[in-house]
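Trainee: Next up is a structure, given as structure tokens.
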Amino acid sequence: MSQTAKTRVLTGITTTGTPHLGNYVGAIKPAIEASQDPNVQSFYFLADYHALIKCQDPKRVQESRLEIAATWLALGLDTDNAIFYRQSDIAEIPELMWMLSCVCAKGLMNRAHAYKAAVAENEEAGDQDPDKGVTMGLFGYPVLMAADILMFNANKVPVGRDQIQHIEMARDIAGRFNHMFKGQYFTQPEAVVDEKGEVLKGLDGRKMSKSYNNTIPLFSSEKKLQKLVRKIKTNSLEPGEPKDPDTCTLFQIFSAFASNEEAAALREQYVAGIGWGDAKNHVFDYLNAHLSAPRERYIALMEDPAHIEAVLQKGADRAREEAAVTMDRLRSAVGLGRFV
């Protein structure tokens with residue numbers, strides 16, 4: 001199959017936090033499986049420009065970039081097939097963002113969910129200025145996201161429901177650019193939402209999220225993992241009393257990693273009245289066994305940042321090879337081409 005016939009799938013990973021079990025189940029695992037598909041040209045990037053919108057702590061951004069790159073590599077991302085790069089290594093992306101900003105209607109950005117939420121918060125707080133605390137980064141980041149996607153003419157962009165609007169905006173901006181400059185410069189990307197996608201619950205039974213501080217980091221030490229699994233909220237039913245696996249966070253986390261047969265076996269133990277202490281030990285042992293080999297690879301990678309850097313530079317070279325050609329064409333389209 002030729003390069004051009006491959007479906008192009010693009011995924012960005014914001015570099016502000018430490019990856020947790022919820023990230024793995026919801027996004028990382030399916031993406032890594034896709035990276036091994038020879039019929040797909042995958043683009044995976046560390047969205048470190050996006051990180052600056054929310055995080056002005058340079059040390060945290062730097063650490064998070066390293067942790068997230070190490071996580072994806074430790075879990076088996078195929079960097080020979082997929083193109084894996086840092087957004088900030090592709091100088092053409094902010095250049096494209098500026099071009100797209102010049103055709104993007106401000107009214108379109110006024111409708112972006114994140115911006116509207118910030119304004120609503122200010123109005124509820126009774127602030128005179130509805131834009132208090134709103135940076136141009138927050139306001140314009142759907143244009144940066146459009147540049148990420150359109151630079152590589154991605155066909156499909158796997159996203160959560162909350163991001164569908166941004167893909168629609170990218171389509172709108174692409175259509176407007178094509179129309180204004182009379183050419184098929186950009187393909188129309190499609191949002192791919194996994195309706196069956198698992199939203200893992202955290203320690204307190206709410207959605208696992210760093211904003212709730214209820215996460216289980218993917219590569220916690222054995223001791224820390226055991227401590228966190230023991231903290232998972234359960235009810236007060238005694239050993240011997242039947243328990244409902246379908247409403248239990250502990251069972252949900254186990255099922256996300258276990259095979260159907262293993263989940264069915266634990267389900268029987270719930271009905272038979274397994275004690276919470278035994279159930280937690282069982283889940284900890286299983287997760288620990290499942291994660292111990294990638295944890296070792298992760299630790300080795302974190303101790304060898306030069307290797308991670310080399311992998312990302314190789315990815316950036318491949319990405320820029322294409323981005324440079326695209327930008328040459330776009331510069332000519334808008335009147336910024338060379339004179340000779």
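Residues are named by chain letter and number: chains run A, B, ... in the order of the structure tokens, numbers start at 1 in each chain, and ligands are numbered from 1 in the order shown.
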I'd like the contact shell of Ala324 of chain A - 12 Å cut-off, only C-alpha atoms, skipping same-chain residues fewer than 6 positions apart - returned as a ChimeraX atom specification.
Mentor: /A:90-93,95-96,151-152,316-318,330-331
Trainee: Measuring between only C-alpha atoms, which one of A:Val157, A:Leu203, A:Ala112, A:Ala51 shows the shortest distance to Ala31 of chain A?
Mentor: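 The answer is A:Val157, which sits nearest to Ala31 of chain A.
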Trainee: Let me make sure I understand: among A:Glu190, A:Ala114, A:His282, A:Val334, which one has the smallest atom-to-atom distance to Ala258 of chain A if we use only C-alpha atoms?
Mentor: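 Among the listed residues, the smallest separation from Ala258 of chain A belongs to A:His282.
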Trainee: Got a sec: who's within 10 Å of segment 235-245 of chain A, counting only C-alpha atoms, leaving out chain neighbours fewer than 2 positions off, as an mmCIF file with N, CA and C atoms, in the first residue's frame?
Mentor:
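Saved file selection-v2.cif follows:
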```
data_model
loop_
_atom_site.group_PDB
_atom_site.id
_atom_site.type_symbol
_atom_site.label_atom_id
_atom_site.label_comp_id
_atom_site.auth_asym_id
_atom_site.auth_seq_id
_atom_site.Cartn_x
_atom_site.Cartn_y
_atom_site.Cartn_z
ATOM 1 N N LYS A 233 -12.308 3.419 47.135
ATOM 2 C CA LYS A 233 -13.533 3.463 47.958
ATOM 3 C C LYS A 233 -14.405 2.231 47.695
ATOM 4 N N THR A 247 -21.317 -1.982 40.248
ATOM 5 C CA THR A 247 -21.284 -0.628 40.825
ATOM 6 C C THR A 247 -19.972 -0.389 41.582
ATOM 7 N N CYS A 248 -19.002 -1.270 41.360
ATOM 8 C CA CYS A 248 -17.776 -1.235 42.167
ATOM 9 C C CYS A 248 -16.583 -0.713 41.352
ATOM 10 N N THR A 249 -15.972 0.364 41.847
ATOM 11 C CA THR A 249 -14.804 0.975 41.183
ATOM 12 C C THR A 249 -13.659 -0.032 41.075
ATOM 13 N N LEU A 250 -13.442 -0.771 42.149
ATOM 14 C CA LEU A 250 -12.343 -1.753 42.185
ATOM 15 C C LEU A 250 -12.501 -2.775 41.055
ATOM 16 N N PHE A 251 -13.733 -3.279 40.897
ATOM 17 C CA PHE A 251 -14.003 -4.269 39.846
ATOM 18 C C PHE A 251 -13.839 -3.639 38.461
ATOM 19 N N GLN A 252 -14.283 -2.374 38.320
ATOM 20 C CA GLN A 252 -14.179 -1.700 37.016
ATOM 21 C C GLN A 252 -12.710 -1.558 36.602
ATOM 22 N N SER A 255 -11.386 -4.946 35.566
ATOM 23 C CA SER A 255 -11.934 -5.394 34.274
ATOM 24 C C SER A 255 -11.275 -4.694 33.089
ATOM 25 N N ALA A 263 -12.221 -11.537 34.428
ATOM 26 C CA ALA A 263 -13.258 -10.678 35.014
ATOM 27 C C ALA A 263 -14.449 -11.519 35.475
ATOM 28 N N LEU A 266 -13.636 -13.223 38.805
ATOM 29 C CA LEU A 266 -13.721 -12.320 39.957
ATOM 30 C C LEU A 266 -15.183 -11.966 40.243
ATOM 31 N N ARG A 267 -15.978 -11.830 39.186
ATOM 32 C CA ARG A 267 -17.415 -11.548 39.353
ATOM 33 C C ARG A 267 -18.053 -12.637 40.223
ATOM 34 N N GLU A 268 -17.702 -13.912 39.963
ATOM 35 C CA GLU A 268 -18.243 -15.033 40.775
ATOM 36 C C GLU A 268 -17.841 -14.891 42.235
ATOM 37 N N GLN A 269 -16.582 -14.449 42.455
ATOM 38 C CA GLN A 269 -16.119 -14.280 43.843
ATOM 39 C C GLN A 269 -16.889 -13.151 44.547
ATOM 40 N N TYR A 270 -17.261 -12.120 43.797
ATOM 41 C CA TYR A 270 -18.066 -11.037 44.365
ATOM 42 C C TYR A 270 -19.416 -11.578 44.833
ATOM 43 N N VAL A 271 -20.043 -12.353 43.952
ATOM 44 C CA VAL A 271 -21.359 -12.927 44.283
ATOM 45 C C VAL A 271 -21.239 -13.856 45.500
ATOM 46 N N ALA A 272 -20.104 -14.547 45.584
ATOM 47 C CA ALA A 272 -19.889 -15.475 46.708
ATOM 48 C C ALA A 272 -19.514 -14.741 48.001
ATOM 49 N N GLY A 273 -19.296 -13.395 47.907
ATOM 50 C CA GLY A 273 -19.057 -12.625 49.140
ATOM 51 C C GLY A 273 -17.600 -12.400 49.506
ATOM 52 N N ILE A 274 -16.719 -12.304 48.529
ATOM 53 C CA ILE A 274 -15.301 -12.031 48.798
ATOM 54 C C ILE A 274 -15.170 -10.801 49.708
ATOM 55 N N GLY A 275 -14.240 -10.836 50.653
ATOM 56 C CA GLY A 275 -13.998 -9.677 51.534
ATOM 57 C C GLY A 275 -13.256 -8.587 50.768
ATOM 58 N N TRP A 276 -13.468 -7.322 51.184
ATOM 59 C CA TRP A 276 -12.839 -6.220 50.441
ATOM 60 C C TRP A 276 -11.313 -6.288 50.507
ATOM 61 N N GLY A 277 -10.778 -6.704 51.630
ATOM 62 C CA GLY A 277 -9.311 -6.825 51.766
ATOM 63 C C GLY A 277 -8.754 -7.810 50.746
ATOM 64 N N ASP A 278 -9.431 -8.975 50.623
ATOM 65 C CA ASP A 278 -8.984 -9.997 49.656
ATOM 66 C C ASP A 278 -9.131 -9.492 48.219
#
```
Trainee: Check the smallest atom-to-atom distance from each of A:Ala323, A:Leu218, A:Val134, A:Ile32 to Gly17 of chain A using only C-alpha atoms, then report the winner.
Mentor: A:Leu218
Trainee: Would you kindly return, as a list in words, each protein, DNA or RNA residue with an atom no farther than 10 Å from any atom of Gln62 of chain A, considering only C-alpha atoms and excluding same-chain residues fewer than 5 positions away?
Mentor: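 In the requested form, the answer reads Thr15, Thr16, Asp48, Asp57 and Glu67 of chain A.
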Trainee: Could you check the closest approach to Leu77 of chain A for each of A:Thr187, A:Ser35, A:Gln163, A:Ser292 and tell me which residue wins, using only C-alpha atoms?
Mentor: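 Answer, going by the shortest atom-to-atom distance: A:Ser35.
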Trainee: Check the smallest atom-to-atom distance from each of A:Tyr85, A:Gln184, A:Gln165, A:Asn214 to Lys201 of chain A using only C-alpha atoms, then report the winner.
Mentor: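 Checking each of A:Tyr85, A:Gln184, A:Gln165, A:Asn214 against Lys201 of chain A, counting only C-alpha atoms, the winner is A:Asn214.
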Trainee: Can you pull out every residue from segment 32-207 of chain A that DSSP, working from the backbone, puts in strand (DSSP E), and format the result as a ChimeraX atom specification?
Mentor: /A:40-47,83-86,156-158,190-192
Trainee: May I ask which of the residues A:Met169, A:Ile164, A:Ala306, A:Ala333 is the closest one to Arg111 of chain A, counting only C-alpha atoms?
Mentor: A:Met169
Trainee: Can you pull out the residues contacting Ala146 of chain A? Cut-off 8 Å, using only C-alpha atoms, and skip same-chain residues under 2 positions away; I want them as a PyMOL selection string.
Mentor: chain A and resi 97+142-144+148-150+166-167+169-170+173
Trainee: Quick check, in Å to one decimal: how far apart do atom CA of Val193 of chain A and atom CA of Ser220 of chain A lie?
Mentor: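 Atom-to-atom, atom CA of Val193 of chain A to atom CA of Ser220 of chain A, that is 29.0 Å.
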Trainee: Please provide as number ranges by chain all residues within 9 Å of Pro130 of chain A, with the sequence filter that same-chain residues fewer than 2 positions apart are discarded (counting only C-alpha atoms).
Mentor: A: 118-123, 126-128, 132-134
Trainee: Work out how far apart atom CA of Gly12 of chain A and atom CA of Phe45 of chain A are and give it in Å to one decimal.
Mentor: 4.9 Å
Trainee: Can you list, as a VMD selection string, every protein, DNA or RNA residue that comes within 10 Å of Lys29 of chain A when you count only C-alpha atoms, leaving out same-chain residues fewer than 3 positions away?
Mentor: chain A and resid 23 to 26 32 to 35 72 75 to 77
Trainee: Provide the atom CA of Ala105 of chain A to atom CA of Asn155 of chain A distance in Å, to one decimal place.
Mentor: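 About the pair atom CA of Ala105 of chain A and atom CA of Asn155 of chain A: they are 23.4 Å apart.
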